[in-house]
Structure formats: structure tokens, C-alpha cells
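Undergrad: Following this line is model.cif, made up of mmCIF, C-alpha atoms and all ligand atoms:
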```cif
data_input
loop_
_atom_site.label_atom_id
_atom_site.label_comp_id
_atom_site.auth_asym_id
_atom_site.auth_seq_id
_atom_site.Cartn_x
_atom_site.Cartn_y
_atom_site.Cartn_z
CA MET M 198 98.53 79.86 99.62
CA SER M 199 100.12 76.89 101.39
CA ASN M 200 98.56 73.46 101.84
CA PHE M 201 97.08 74.58 105.14
CA ASN M 202 93.68 72.97 105.58
CA PRO M 203 91.92 74.11 108.75
CA ALA M 204 89.38 71.26 108.83
CA ASP M 205 92.11 68.61 108.45
CA ASN M 206 94.01 70.23 111.28
CA ILE M 207 90.98 69.87 113.55
CA GLN M 208 90.40 66.26 112.49
CA ASP M 209 94.02 65.31 113.10
CA LEU M 210 93.56 65.89 116.82
CA GLN M 211 92.68 62.73 118.74
CA TYR M 212 90.97 63.03 122.11
CA PHE M 213 89.68 60.16 124.23
CA GLY M 214 87.48 60.26 127.31
CA GLU M 215 88.59 59.08 130.72
CA PHE M 216 87.20 55.55 130.15
CA GLY M 217 88.09 55.31 126.48
CA GLY M 218 85.05 57.31 125.43
CA VAL M 219 85.13 58.63 121.87
CA ASN M 220 84.42 62.09 123.24
CA PRO M 221 86.68 63.63 125.85
CA SER M 222 85.37 63.59 129.40
CA ILE M 223 83.80 66.80 130.67
CA SER M 224 85.65 68.34 133.59
CA ASP M 225 82.76 69.17 135.87
CA SER M 226 84.84 71.02 138.47
CA SER M 227 85.56 74.62 139.30
CA THR M 228 88.64 73.80 141.36
CA TYR M 229 91.35 71.11 141.44
CA THR M 230 93.28 69.35 144.17
CA PHE M 231 97.06 69.24 144.47
CA LEU M 232 99.12 66.43 145.97
CA SER M 233 101.53 68.96 147.44
CA ALA M 234 101.25 72.57 148.59
CA LYS M 235 104.43 73.37 146.65
CA THR M 236 102.79 72.39 143.34
CA MET M 237 99.86 74.68 144.11
CA PHE M 238 102.29 77.56 144.69
CA ASP M 239 104.16 76.76 141.46
CA THR M 240 100.88 76.68 139.54
CA PHE M 241 100.01 80.17 140.79
CA GLU M 242 103.41 81.31 139.59
CA GLY M 243 102.68 79.78 136.18
CA ASN M 244 105.37 77.10 136.58
CA ALA M 245 103.41 73.86 136.79
CA GLU M 246 102.64 72.81 133.25
CA GLY M 247 99.64 70.48 133.04
CA CYS M 248 98.26 71.38 136.47
CA TYR M 249 94.80 72.87 136.83
CA LEU M 250 94.04 75.44 139.44
CA TYR M 251 90.67 77.03 139.04
CA SER M 252 88.33 76.91 136.06
CA ARG M 253 88.23 80.67 135.47
CA HIS M 254 91.87 80.19 134.44
CA SER M 255 91.69 76.87 132.54
CA SER M 256 89.75 73.66 132.56
CA PRO M 257 90.58 70.45 130.69
CA SER M 258 87.39 70.76 128.61
CA ASN M 259 88.17 74.33 127.62
CA LEU M 260 91.72 73.37 126.72
CA TYR M 261 90.44 70.69 124.30
CA LEU M 262 88.37 73.30 122.50
CA ASP M 263 91.22 75.84 122.70
CA ARG M 264 93.55 73.38 121.02
CA ALA M 265 91.08 72.55 118.23
CA LEU M 266 90.42 76.22 117.46
CA ALA M 267 94.13 77.06 117.53
CA ALA M 268 94.67 74.21 115.03
CA MET M 269 91.88 75.61 112.86
CA GLU M 270 93.38 79.11 112.81
CA GLY M 271 97.03 78.05 112.64
CA THR M 272 98.03 79.69 115.92
CA GLU M 273 100.11 78.32 118.79
CA ALA M 274 97.31 78.67 121.31
CA ALA M 275 93.77 79.87 121.96
CA ASN M 276 91.51 80.84 124.83
CA VAL M 277 87.76 80.29 124.70
CA ALA M 278 85.41 82.79 126.33
CA ALA M 279 81.78 83.00 127.36
CA SER M 280 80.88 85.13 124.33
CA GLY M 281 82.40 86.79 121.29
CA MET M 282 82.44 90.10 123.17
CA GLY M 283 84.10 88.24 126.04
CA ALA M 284 86.93 87.43 123.62
CA ILE M 285 87.12 90.83 121.91
CA THR M 286 87.09 93.19 124.89
CA PRO M 287 89.82 91.52 127.04
CA THR M 288 92.04 91.24 123.95
CA LEU M 289 91.79 94.97 123.27
CA LEU M 290 92.20 95.90 126.93
CA GLN M 291 95.24 93.62 127.23
CA LEU M 292 96.95 95.42 124.37
CA CYS M 293 95.78 99.00 124.99
CA GLY M 294 95.78 101.20 128.06
CA ASN M 295 95.45 104.86 128.93
CA GLY M 296 96.68 107.05 126.05
CA ASP M 297 96.75 104.27 123.44
CA HIS M 298 94.97 104.38 120.11
CA ILE M 299 93.26 101.86 117.82
CA VAL M 300 92.60 102.08 114.09
CA SER M 301 89.45 100.10 113.35
CA SER M 302 87.29 99.36 110.38
CA ARG M 303 84.12 101.43 110.58
CA THR M 304 81.99 98.51 109.40
CA ILE M 305 82.18 96.08 112.29
CA TYR M 306 79.67 94.35 114.54
CA GLY M 307 77.61 96.98 116.40
CA GLY M 308 78.64 95.73 119.86
CA THR M 309 82.34 95.99 119.04
CA TYR M 310 81.73 99.45 117.59
CA ALA M 311 79.86 100.54 120.74
CA PHE M 312 82.67 99.18 122.96
CA LEU M 313 85.33 101.09 121.03
CA LYS M 314 83.26 104.26 120.72
CA ASN M 315 81.64 104.47 124.16
CA LEU M 316 83.35 102.26 126.73
CA ALA M 317 87.04 102.06 125.73
CA PRO M 318 87.45 105.89 125.98
CA ARG M 319 86.64 105.54 129.70
CA PHE M 320 89.88 103.55 129.95
CA GLY M 321 91.71 106.25 127.98
CA VAL M 322 91.70 104.23 124.73
CA LYS M 323 90.67 106.16 121.61
CA THR M 324 89.69 104.70 118.24
CA SER M 325 89.70 106.10 114.72
CA PHE M 326 87.12 104.39 112.47
CA VAL M 327 88.17 104.14 108.83
CA ASP M 328 87.13 102.66 105.51
CA ILE M 329 89.13 99.42 105.82
CA THR M 330 89.08 98.80 102.07
CA LYS M 331 91.29 101.89 101.52
CA LEU M 332 94.78 100.99 102.68
CA ASP M 333 96.12 104.54 102.34
CA THR M 334 93.29 105.85 104.58
CA VAL M 335 94.11 103.14 107.11
CA GLU M 336 97.80 104.05 107.16
CA ALA M 337 97.04 107.78 107.38
CA ALA M 338 95.01 107.22 110.56
CA ILE M 339 97.98 105.67 112.42
CA THR M 340 99.54 107.86 115.12
CA PRO M 341 102.55 107.30 117.40
CA GLU M 342 100.05 106.09 120.04
CA THR M 343 98.44 103.44 117.80
CA LYS M 344 98.83 99.89 119.09
CA VAL M 345 96.19 97.90 117.20
CA LEU M 346 94.70 97.56 113.74
CA TYR M 347 91.24 95.97 114.05
CA CYS M 348 88.95 94.56 111.38
CA GLU M 349 86.57 91.79 110.40
CA THR M 350 87.59 89.57 107.45
CA VAL M 351 84.12 90.03 105.99
CA SER M 352 82.38 92.87 107.75
CA ASN M 353 79.09 92.89 109.57
CA PRO M 354 76.71 93.82 108.01
CA LEU M 355 78.02 95.31 104.76
CA LEU M 356 80.18 92.34 103.76
CA GLU M 357 83.19 94.48 102.95
CA VAL M 358 86.33 92.40 102.57
CA ALA M 359 89.51 93.39 104.42
CA ASP M 360 92.72 92.99 102.43
CA LEU M 361 94.45 91.11 105.22
CA ALA M 362 97.82 90.84 103.48
CA GLY M 363 97.85 94.59 102.79
CA LEU M 364 96.77 95.41 106.35
CA SER M 365 99.38 93.06 107.79
CA LYS M 366 102.11 94.86 105.84
CA ILE M 367 100.97 98.17 107.34
CA ALA M 368 100.73 96.66 110.83
CA LYS M 369 104.27 95.27 110.63
CA LYS M 370 105.67 98.55 109.29
CA HIS M 371 104.20 100.47 112.26
CA ASN M 372 104.73 97.72 114.84
CA LEU M 373 100.99 97.23 115.46
CA LYS M 374 99.05 94.07 116.25
CA LEU M 375 96.60 93.11 113.50
CA ILE M 376 93.45 91.68 115.13
CA VAL M 377 90.96 90.00 112.82
CA ASP M 378 87.42 88.99 113.75
CA ASN M 379 86.84 85.97 111.48
CA THR M 380 83.29 85.18 112.68
CA PHE M 381 81.71 85.40 109.20
CA SER M 382 84.33 83.25 107.46
CA PRO M 383 85.55 80.28 109.52
CA LEU M 384 87.46 77.71 107.39
CA SER M 385 86.89 79.85 104.26
CA VAL M 386 89.62 82.27 105.36
CA THR M 387 92.61 81.64 107.60
CA PRO M 388 93.74 85.15 108.59
CA THR M 389 97.11 84.04 110.00
CA GLN M 390 98.05 82.91 106.49
CA PHE M 391 97.94 86.59 105.53
CA GLY M 392 99.82 87.86 108.56
CA ALA M 393 97.11 88.43 111.21
CA ASP M 394 98.53 88.34 114.74
CA ILE M 395 95.32 87.56 116.63
CA VAL M 396 92.15 85.91 115.30
CA ILE M 397 88.86 86.17 117.13
CA HIS M 398 85.53 84.39 116.66
CA SER M 399 82.11 84.67 118.10
CA LEU M 400 81.53 80.90 118.51
CA THR M 401 77.84 81.78 118.84
CA LYS M 402 77.62 81.80 115.04
CA TYR M 403 78.91 79.25 112.50
CA ILE M 404 81.37 77.41 114.70
CA ASN M 405 78.77 76.21 117.19
CA GLY M 406 76.11 76.42 114.50
CA SER M 407 73.07 75.48 116.55
CA SER M 408 72.05 78.86 118.05
CA ASP M 409 71.88 77.33 121.52
CA THR M 410 74.70 79.24 123.20
CA VAL M 411 76.95 82.27 123.09
CA GLY M 412 80.71 81.74 123.06
CA GLY M 413 83.95 83.25 121.82
CA VAL M 414 87.62 82.53 121.26
CA VAL M 415 90.93 84.36 120.90
CA CYS M 416 93.52 82.50 118.79
CA ALA M 417 97.07 83.85 119.15
CA SER M 418 100.65 83.14 120.20
CA GLN M 419 101.21 81.17 123.40
CA GLU M 420 102.78 84.29 124.87
CA PHE M 421 99.68 86.42 124.27
CA ILE M 422 97.30 83.74 125.55
CA ASN M 423 99.47 83.42 128.68
CA ASP M 424 99.27 87.21 129.09
CA LEU M 425 95.45 87.11 128.84
CA LYS M 426 95.32 84.38 131.50
CA ASP M 427 97.96 85.81 133.84
CA VAL M 428 96.62 85.68 137.41
CA ASN M 429 97.99 89.14 138.21
CA SER M 430 97.48 91.13 135.04
CA GLY M 431 95.53 89.07 132.48
CA ALA M 432 92.38 90.77 131.17
CA SER M 433 90.60 87.44 130.56
CA MET M 434 91.53 86.10 133.99
CA LEU M 435 90.62 89.30 135.82
CA LEU M 436 87.50 90.35 133.91
CA GLY M 437 86.32 86.73 134.05
CA PRO M 438 84.41 86.00 130.79
CA THR M 439 84.96 82.27 131.25
CA MET M 440 83.21 79.62 129.20
CA ASP M 441 81.63 76.82 131.21
CA SER M 442 83.14 73.34 130.69
CA MET M 443 79.75 71.79 129.84
CA ARG M 444 79.36 74.33 127.09
CA SER M 445 82.84 73.98 125.67
CA ALA M 446 82.26 70.21 125.42
CA SER M 447 79.07 70.79 123.42
CA VAL M 448 80.69 73.42 121.14
CA MET M 449 83.52 70.92 120.54
CA LYS M 450 81.03 68.32 119.30
CA ASN M 451 79.42 70.81 116.93
CA LEU M 452 82.81 71.88 115.60
CA ARG M 453 83.19 68.35 114.16
CA THR M 454 80.70 69.11 111.39
CA LEU M 455 81.75 72.69 110.63
CA HIS M 456 83.41 71.79 107.30
CA LEU M 457 80.23 70.11 105.99
CA ARG M 458 78.03 72.96 107.15
CA ILE M 459 80.19 75.72 105.70
CA LYS M 460 80.22 74.03 102.28
CA GLN M 461 76.42 73.81 102.29
CA HIS M 462 75.94 77.38 103.58
CA SER M 463 78.25 78.63 100.82
CA PHE M 464 76.59 76.55 98.11
CA ASN M 465 73.11 77.78 99.07
CA ALA M 466 74.16 81.41 99.44
CA GLN M 467 75.95 81.44 96.07
CA TYR M 468 72.83 79.99 94.42
CA LEU M 469 70.46 82.52 95.98
CA ALA M 470 72.77 85.50 95.42
CA GLU M 471 73.03 84.73 91.71
CA LYS M 472 69.26 84.29 91.45
CA PHE M 473 68.46 87.47 93.40
CA GLU M 474 70.90 89.50 91.34
CA GLY M 475 69.34 88.02 88.21
CA LEU M 476 65.97 89.41 89.35
CA GLY M 477 67.48 92.89 89.43
CA LEU M 478 67.71 93.09 93.23
CA LYS M 479 70.66 94.97 94.67
CA THR M 480 72.52 91.98 96.10
CA VAL M 481 75.80 91.96 97.96
CA TYR M 482 77.67 88.65 98.22
CA PRO M 483 81.45 88.23 97.97
CA GLY M 484 80.94 85.30 95.58
CA LEU M 485 79.30 87.57 92.98
CA LYS M 486 81.53 89.12 90.33
CA SER M 487 79.76 92.43 91.05
CA HIS M 488 81.16 92.51 94.62
CA PRO M 489 83.89 95.20 94.66
CA SER M 490 86.33 92.81 96.36
CA HIS M 491 85.33 89.59 94.56
CA GLU M 492 88.76 89.01 93.00
CA LEU M 493 90.60 89.86 96.22
CA TYR M 494 88.39 87.53 98.24
CA LYS M 495 88.69 84.74 95.68
CA GLY M 496 92.44 84.85 96.26
CA MET M 497 91.97 84.73 100.05
CA ILE M 498 89.57 81.80 100.50
CA ASN M 499 90.35 78.13 100.93
CA PRO M 500 88.31 77.39 97.77
CA GLU M 501 86.57 74.21 98.93
CA TYR M 502 84.68 76.17 101.62
CA GLY M 503 83.38 78.82 99.22
CA PHE M 504 82.39 82.43 99.81
CA GLY M 505 80.34 81.85 102.96
CA GLY M 506 76.70 82.04 103.94
CA MET M 507 76.18 85.77 104.46
CA MET M 508 74.52 88.02 101.90
CA THR M 509 72.44 91.20 101.79
CA ILE M 510 69.72 92.53 99.54
CA ASP M 511 68.17 95.97 99.48
CA ALA M 512 64.38 95.79 99.58
CA GLY M 513 64.07 99.53 98.88
CA SER M 514 62.66 100.72 102.21
CA LEU M 515 62.39 99.61 105.83
CA GLU M 516 58.66 98.98 105.37
CA LYS M 517 59.26 96.66 102.43
CA ALA M 518 62.14 94.95 104.20
CA ASN M 519 59.99 94.33 107.29
CA ALA M 520 57.03 93.08 105.24
CA LEU M 521 59.25 90.72 103.26
CA MET M 522 60.90 89.29 106.37
CA GLU M 523 57.53 88.77 108.07
CA LEU M 524 56.11 87.01 105.00
CA MET M 525 59.17 84.79 104.56
CA GLN M 526 58.90 83.78 108.21
CA GLU M 527 55.19 83.03 107.79
CA LYS M 528 56.06 80.75 104.85
CA ASN M 529 58.72 79.06 107.04
CA LEU M 530 61.58 80.11 104.77
CA GLY M 531 63.60 81.33 107.71
CA TYR M 532 63.33 83.24 110.96
CA LEU M 533 63.25 86.97 111.58
CA ALA M 534 66.11 86.87 114.05
CA VAL M 535 69.53 88.38 114.59
CA SER M 536 72.62 86.17 114.78
CA LEU M 537 73.84 83.85 112.04
CA GLY M 538 75.23 80.45 111.21
CA PHE M 539 72.06 78.47 112.05
CA TYR M 540 70.65 75.52 110.02
CA LYS M 541 67.68 77.72 109.25
CA THR M 542 68.01 80.93 107.26
CA LEU M 543 67.97 83.98 109.56
CA PHE M 544 67.22 87.50 108.39
CA SER M 545 67.16 90.93 109.99
CA ALA M 546 67.35 94.59 109.02
CA PRO M 547 70.71 95.59 110.53
CA GLY M 548 70.02 99.34 110.54
CA SER M 549 67.35 98.87 113.19
CA SER M 550 68.82 95.83 114.96
CA THR M 551 72.42 94.58 115.11
CA SER M 552 73.88 97.90 113.97
CA SER M 553 71.46 100.19 115.81
CA GLU M 554 74.37 101.26 118.06
CA ILE M 555 75.63 103.16 114.98
CA SER M 556 73.96 106.57 114.58
CA PRO M 557 71.71 107.17 111.53
CA GLU M 558 74.22 109.69 110.12
CA GLU M 559 77.10 107.25 110.44
CA GLN M 560 74.98 104.46 108.95
CA ALA M 561 74.24 106.66 105.92
CA GLU M 562 77.92 107.52 105.54
CA MET M 563 78.96 103.86 105.47
CA GLY M 564 76.19 102.88 103.04
CA LEU M 565 73.94 101.05 105.50
CA THR M 566 70.51 101.71 104.03
CA ASP M 567 67.10 101.33 105.72
CA GLY M 568 65.92 98.65 103.29
CA LEU M 569 68.96 96.43 103.76
CA ILE M 570 68.17 92.84 104.78
CA ARG M 571 71.04 90.72 106.04
CA PHE M 572 70.61 87.01 105.36
CA SER M 573 72.45 84.17 107.02
CA ILE M 574 71.57 81.46 104.53
CA GLY M 575 70.70 78.11 106.09
CA LEU M 576 71.42 74.50 105.26
CA ASP M 577 68.28 74.00 103.12
CA ASN M 578 68.36 70.67 101.34
CA ASP M 579 66.62 72.00 98.23
CA ILE M 580 67.70 75.60 97.72
CA LYS M 581 65.95 75.79 94.34
CA ARG M 582 62.60 75.23 96.06
CA THR M 583 63.52 77.85 98.70
CA PHE M 584 64.35 80.36 95.97
CA GLU M 585 61.06 79.78 94.20
CA MET M 586 59.14 80.40 97.42
CA MET M 587 61.18 83.54 98.23
CA HIS M 588 60.60 84.75 94.70
CA ASP M 589 56.83 84.40 95.22
CA CYS M 590 57.05 86.46 98.43
CA MET M 591 59.00 89.20 96.64
CA LYS M 592 56.48 89.34 93.79
CA GLU M 593 53.53 89.47 96.19
CA LEU M 594 55.03 92.46 98.05
CA LYS M 595 56.27 94.15 94.86
CA VAL M 596 59.87 94.10 96.08
CA ILE M 597 60.78 93.12 92.52
N1 LIG E 601 81.77 89.62 116.00
C1 LIG E 601 80.82 89.55 115.06
C2 LIG E 601 81.22 89.67 113.62
C3 LIG E 601 79.47 89.37 115.41
O1 LIG E 601 78.54 89.29 114.46
C4 LIG E 601 79.14 89.28 116.79
C5 LIG E 601 77.74 89.08 117.23
O2 LIG E 601 76.81 89.23 116.48
C6 LIG E 601 80.17 89.36 117.74
C7 LIG E 601 81.46 89.52 117.32
C8 LIG E 601 79.87 89.27 119.21
O3 LIG E 601 79.69 87.95 119.58
P1 LIG E 601 78.78 87.47 120.82
O4 LIG E 601 77.38 87.89 120.51
O5 LIG E 601 79.00 86.01 120.85
O6 LIG E 601 79.31 88.16 122.03
#
```
Using C-alpha cells, write down the structure that the file contains.
Ligand code: PLP
TA:
Amino acid sequence: MSNFNPADNIQDLQYFGEFGGVNPSISDSSTYTFLSAKTMFDTFEGNAEGCYLYSRHSSPSNLYLDRALAAMEGTEAANVAASGMGAITPTLLQLCGNGDHIVSSRTIYGGTYAFLKNLAPRFGVKTSFVDITKLDTVEAAITPETKVLYCETVSNPLLEVADLAGLSKIAKKHNLKLIVDNTFSPLSVTPTQFGADIVIHSLTKYINGSSDTVGGVVCASQEFINDLKDVNSGASMLLGPTMDSMRSASVMKNLRTLHLRIKQHSFNAQYLAEKFEGLGLKTVYPGLKSHPSHELYKGMINPEYGFGGMMTIDAGSLEKANALMELMQEKNLGYLAVSLGFYKTLFSAPGSSTSSEISPEEQAEMGLTDGLIRFSIGLDNDIKRTFEMMHDCMKELKVI
């Protein structure tokens, strides 16, 4: 691991507002004037560096956030989008067309899975879903038509860890692009350090951190970002999942505290995971020695940011899981809600919510049980007190 520190890279950027404001000015315009008609023509042709044309293509506010997220992920460039799906789908459609093939982890966010399984085939793009932790299975699924290897660093919801260095080796050998969704592990893992070509985030989660918007980003080479934004053939430009400038300015402000939040999320989750496991609950957290990829993940993280805020427990049945979540919400220990990365703990049963796009048979095959509760652990000031109250809920409902 090099001395790469994603939070320092963000902090090293210095932006001022138009009148010397400590925050950059918000560009509240959808279109921009030109002093000469020739410059407008050149901008359309992509030859007028620094000129703005139309905010579906770029806006100054979006470019500030692009630059900060590219610095965080160690890429040349980035392009923010209106949602995580608005980052994922144009990226895949830019790289794959009729007849092309994708090898994807089978444990990914349900929306991404549904896109690859149900919508991408309508564009002639087929996907093989594999156990991403088995590198030989991944390699065996590659065909002459394969263009992309797709995974999440830490998968949703099973928290499987992708061996990014191993996957990158396979991708390079077969001339594929390795795309990594790093939504669960910002700052903790920098996928480009292990050879990822393209890194995607749903900004909706940790990066924005206040559950007040959806957003996404693609971090990649300047060449790929230019391709995505090309006025004639760019999937982001032509499908139009553009983030609004007002929103990118607010995400930018929240990004400033990401390093502090991630440390606290990780601290709290590590504490609870150890306690839950100690009670005999089936607990999955990459920071536990019992996690099958604990050692691998330990070698992948930027240690100061820890193992992240996501964990799962198995309450035994859907009924028990639902009762526990309802009781914990009643006691104000968190909210029964999907999504993640909020100051408050959020919990949901993925089998019947965020992964419900995956059929019951496929869920069983990948080990997604009915009683599984996914926790996004919050920023609680006193996690010991939270644990004691959760423990009481578990005892009352005979979960333990
Ligand atoms: N990737 C992961 C890992 C997610 O959990 C989600 C949403 O839950 C997405 C992508 C999609 O992001 P969005 O909801 O912002 O479109």
C-alpha cells in the first residue's frame, strides 16, 4: 500500500466562491453564454477547454464535486450523476453493446442485479452472475464476448469481500474493464490502488451521509469520462441522469466530514459486531476474525478508516427479524428503513426489501436467509448504551 490518503487528497483541494466565499459559488444556470459563435461551435466539438455549454453536460458546481471525488478515488476524472443507478447504467451501456457479455458478482445491490438481469438483455448485453470470492469461477465465466468484470468491494447485502487485486489480474489478462462499486467502503478502500479501472459510488449513502438526496458518481480516466459525456455518443450525456448544481454543492459540503463520519461508523460497528457475536448471534462483519475474508480485507483497507459501518445478523426467521426491527425503532435505536450511511442506525431485512428483485431460489443459493437483518450502524455517541438497549430488545423477543 502506498501513502495514498483519500481524505488528505480531498482536503488538499482549495475552492473559493466568486466573492471570496469559503464555499464555491453555486452555478445556478442550465445554459451559458459565449462571447463568440466560434467558441460555441468549438465547445460542441469538445475543443474549448474551460467553457460551459449546457448543464446536462457539465456545470461548474458539478465539476468541483467531480474533482473532489476523483481525488478521493485516485482517478484522473469523475462525473457525478443524479443517482447511483444513474452512474452505473450509463457506464455499463458505454462499455457494452449488442452481443457483449459481463461477468458480475452475484451478490450486488438488487437494482444493479435487476438492470443486468432484466433490462440489459434488451440491449443485447448478457451477464453471467458468479461467486466473486472464487477467482477460478470468475475466470471460467469469461467468454470472447466479455467486456466487463463487475463487483462491489463489500457486497450488498452479504458483505462478501472482492479480492480486487486478484480480479484486476484476471481483467488485465483478458483485456476487460474492472468496474468496482465502492458504495459500502468509501475512504476505507481505494479500489484503484488494486487495479480497478472504474470506481462507482451511490453518493446517496455514506458520501452525502444525510439521507436527504440520491446521487452517484463514476470515477475513471479522463478518456472514459469524456466518452460518457460525448455529445454524440456519450451514455451519460444522452440518457441524461444529470445531478442538479444545487445538490452537488450540498453533497460537496457533506463530503468535508466524511473522514470523521467513517471513523465513527467503523468504531461503532466493530463494537456492536463483537458484542453481538459474543452473545452467540450469527454476525457478519468484515472486522470480525470469523469473517471468511477478514485477513484479505485487513490488507485492503486504509487502516485509519476501519472496516466500515455495515453488518448483518441472523435473527432466525423473518418474523423475529421484523419484530426486532420494530422494537428497536420503538426504542429509538434506529429506523426501519432501507439505504445506509445515515447518522442514525438503519436496519432492514434485505430478502424482502433491497434484494427482493432476486428470486427466492437465487437468494437461498447465495445464502441470503429470511431472518437476515442488515444494519447500517449510525454515529451514536455512546455505543455501549446503544448495545445495552439492543441487548434488552433481543432478550425480550427471545432472539438470543
Ligand atoms: N450500489 C449500491 C451498493 C447500493 O446499495 C445502491 C442503493 O442502495 C446503489 C448502488 C444504487 O444507488 P442509488 O439508490 O443512489 O441509485
Undergrad: Compile the contact shell of stretch 403-412 of chain M as a PyMOL selection string: residues with an atom at most 6 Å away, counting only C-alpha atoms, same-chain residues fewer than 2 positions apart removed.
TA: chain M and resi 278-281+399-401+448+451-452+538-539
Undergrad: If you measure from atom CA of M:Gly218 to atom CA of M:Gly271, what distance in Å do you get, rounded to one decimal?
TA: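 One can read the atom CA of M:Gly218 to atom CA of M:Gly271 distance as 27.2 Å.
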Undergrad: Show me which residues sit within 8 Å of ligand LIG 601 (chain E) when counting only C-alpha atoms and all ligand atoms, and put them as a PyMOL selection string.
TA: chain M and resi 279-285+305-309+349+352-353+378-381+397-402+411-413+535-537+551
Undergrad: Store the residues picked out above in a file with C-alpha atoms, as a compact mmCIF listing (two decimals), in the frame of the given file.
TA:
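Heads up, here's the output in result06.txt:
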```txt
# COMPACT_ATOMS: atom_id res chain seq x y z
CA ALA M 279 81.78 83.00 127.36
CA SER M 280 80.88 85.13 124.33
CA GLY M 281 82.40 86.79 121.29
CA MET M 282 82.44 90.10 123.17
CA GLY M 283 84.10 88.24 126.04
CA ALA M 284 86.93 87.43 123.62
CA ILE M 285 87.12 90.83 121.91
CA ILE M 305 82.18 96.08 112.29
CA TYR M 306 79.67 94.35 114.54
CA GLY M 307 77.61 96.98 116.40
CA GLY M 308 78.64 95.73 119.86
CA THR M 309 82.34 95.99 119.04
CA GLU M 349 86.57 91.79 110.40
CA SER M 352 82.38 92.87 107.75
CA ASN M 353 79.09 92.89 109.57
CA ASP M 378 87.42 88.99 113.75
CA ASN M 379 86.84 85.97 111.48
CA THR M 380 83.29 85.18 112.68
CA PHE M 381 81.71 85.40 109.20
CA ILE M 397 88.86 86.17 117.13
CA HIS M 398 85.53 84.39 116.66
CA SER M 399 82.11 84.67 118.10
CA LEU M 400 81.53 80.90 118.51
CA THR M 401 77.84 81.78 118.84
CA LYS M 402 77.62 81.80 115.04
CA VAL M 411 76.95 82.27 123.09
CA GLY M 412 80.71 81.74 123.06
CA GLY M 413 83.95 83.25 121.82
CA VAL M 535 69.53 88.38 114.59
CA SER M 536 72.62 86.17 114.78
CA LEU M 537 73.84 83.85 112.04
CA THR M 551 72.42 94.58 115.11
```
Undergrad: Tell me, in Å to one decimal, how far atom CA of M:Asn200 is from atom CA of M:Asn372.
TA: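 Rounded to one decimal, the two atoms are 28.2 Å apart.
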Undergrad: May I ask which of the residues M:Ala362, M:Met269, M:Ile367, M:Leu373 is the closest one to M:Cys293, counting only C-alpha atoms?
TA: M:Leu373
Undergrad: Identify which of the residues M:Leu262, M:Leu364, M:Ile510, M:Leu290 lies closest to M:Leu425, counting all atoms listed in the file when measuring atom-to-atom distances.
TA: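 Answer, going by the shortest atom-to-atom distance: M:Leu290.
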Undergrad: Give me the residues near stretch 571-574 of chain M as a short mmCIF file (atom, residue, chain, number, x, y, z; two decimals) with C-alpha atoms, in the coordinates of the input, where near means some atom within 10 Å (using only C-alpha atoms) and where sequence neighbours in that chain fewer than 6 positions away do not count.
TA:
```cif
data_model
loop_
_atom_site.label_atom_id
_atom_site.label_comp_id
_atom_site.auth_asym_id
_atom_site.auth_seq_id
_atom_site.Cartn_x
_atom_site.Cartn_y
_atom_site.Cartn_z
CA ASN M 353 79.09 92.89 109.57
CA PRO M 354 76.71 93.82 108.01
CA LEU M 355 78.02 95.31 104.76
CA LEU M 356 80.18 92.34 103.76
CA PHE M 381 81.71 85.40 109.20
CA LYS M 402 77.62 81.80 115.04
CA TYR M 403 78.91 79.25 112.50
CA GLN M 461 76.42 73.81 102.29
CA HIS M 462 75.94 77.38 103.58
CA SER M 463 78.25 78.63 100.82
CA PHE M 464 76.59 76.55 98.11
CA ASN M 465 73.11 77.78 99.07
CA ALA M 466 74.16 81.41 99.44
CA GLN M 467 75.95 81.44 96.07
CA LEU M 469 70.46 82.52 95.98
CA VAL M 481 75.80 91.96 97.96
CA GLY M 505 80.34 81.85 102.96
CA GLY M 506 76.70 82.04 103.94
CA MET M 507 76.18 85.77 104.46
CA MET M 508 74.52 88.02 101.90
CA THR M 509 72.44 91.20 101.79
CA ILE M 510 69.72 92.53 99.54
CA ASP M 511 68.17 95.97 99.48
CA GLY M 531 63.60 81.33 107.71
CA TYR M 532 63.33 83.24 110.96
CA LEU M 533 63.25 86.97 111.58
CA ALA M 534 66.11 86.87 114.05
CA VAL M 535 69.53 88.38 114.59
CA SER M 536 72.62 86.17 114.78
CA LEU M 537 73.84 83.85 112.04
CA GLY M 538 75.23 80.45 111.21
CA PHE M 539 72.06 78.47 112.05
CA TYR M 540 70.65 75.52 110.02
CA LYS M 541 67.68 77.72 109.25
CA THR M 542 68.01 80.93 107.26
CA LEU M 543 67.97 83.98 109.56
CA PHE M 544 67.22 87.50 108.39
CA SER M 545 67.16 90.93 109.99
CA ALA M 546 67.35 94.59 109.02
CA PRO M 547 70.71 95.59 110.53
CA GLY M 548 70.02 99.34 110.54
CA THR M 551 72.42 94.58 115.11
CA ILE M 580 67.70 75.60 97.72
#
```
Undergrad: Using atom CA of M:Ser365 and atom CA of M:Arg303 as the two end points, give the distance in Å to one decimal.
TA: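 The value is 17.6 Å.
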Undergrad: Taking only C-alpha atoms into account, which of M:Ala204, M:Ala337, M:Ile299, M:Leu260 comes nearest M:Leu375?
TA: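 Checking each of M:Ala204, M:Ala337, M:Ile299, M:Leu260 against M:Leu375, counting only C-alpha atoms, the winner is M:Ile299.
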Undergrad: At a cut-off of 12 Å, using all atoms listed in the file, what residues contact M:Ser325? Leave out same-chain residues fewer than 3 positions from it and give the result as a list in words.
TA: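 That gives Asp297, His298, Ile299, Val300, Ser301, Ser302, Arg303, Tyr310, Leu313, Lys314, Pro318, Val322, Asp328, Ile329, Thr334, Val335, Glu336, Ala337, Ala338, Ile339, Thr340, Glu342, Thr343, Lys344, Val345, Leu346 and Tyr347 of chain M.
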Undergrad: Using all atoms listed in the file, which of M:Ser442, M:Asn578, M:Thr236, M:Ser490 sits nearest M:Asp263?
TA: M:Ser442
Undergrad: Rank M:Ala470, M:Ala267, M:Met434, M:Val386 by their smallest atom-to-atom distance to M:Met497, using all atoms listed in the file, and report the top residue only.
TA: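 Closest to M:Met497, using all atoms listed in the file: M:Val386.
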Undergrad: Enclose stretch 327-331 of chain M, meaning all of its atoms listed in the file, in a box aligned along x, y and z, pad it by 8 Å on each side, and list the centre and edge lengths in Å to one decimal, as lines of an AutoDock Vina configuration file.
TA:
```
center_x = 89.2
center_y = 101.5
center_z = 105.2
size_x = 20.2
size_y = 21.3
size_z = 23.3
```
Undergrad: Of the residues M:Leu565, M:Met591, M:Leu455, M:Cys248, which is the one nearest to M:Pro203, using all atoms listed in the file?
TA: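 Smallest separation from M:Pro203 among the options: M:Leu455.
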Undergrad: So that I can see what lies close to stretch 391-394 of chain M, please list as a ChimeraX atom specification the residues with an atom at most 8 Å from it, counting all atoms listed in the file and leaving out residues fewer than 6 positions away in the same chain.
TA: /M:361-362,365-366,374-377,417-418
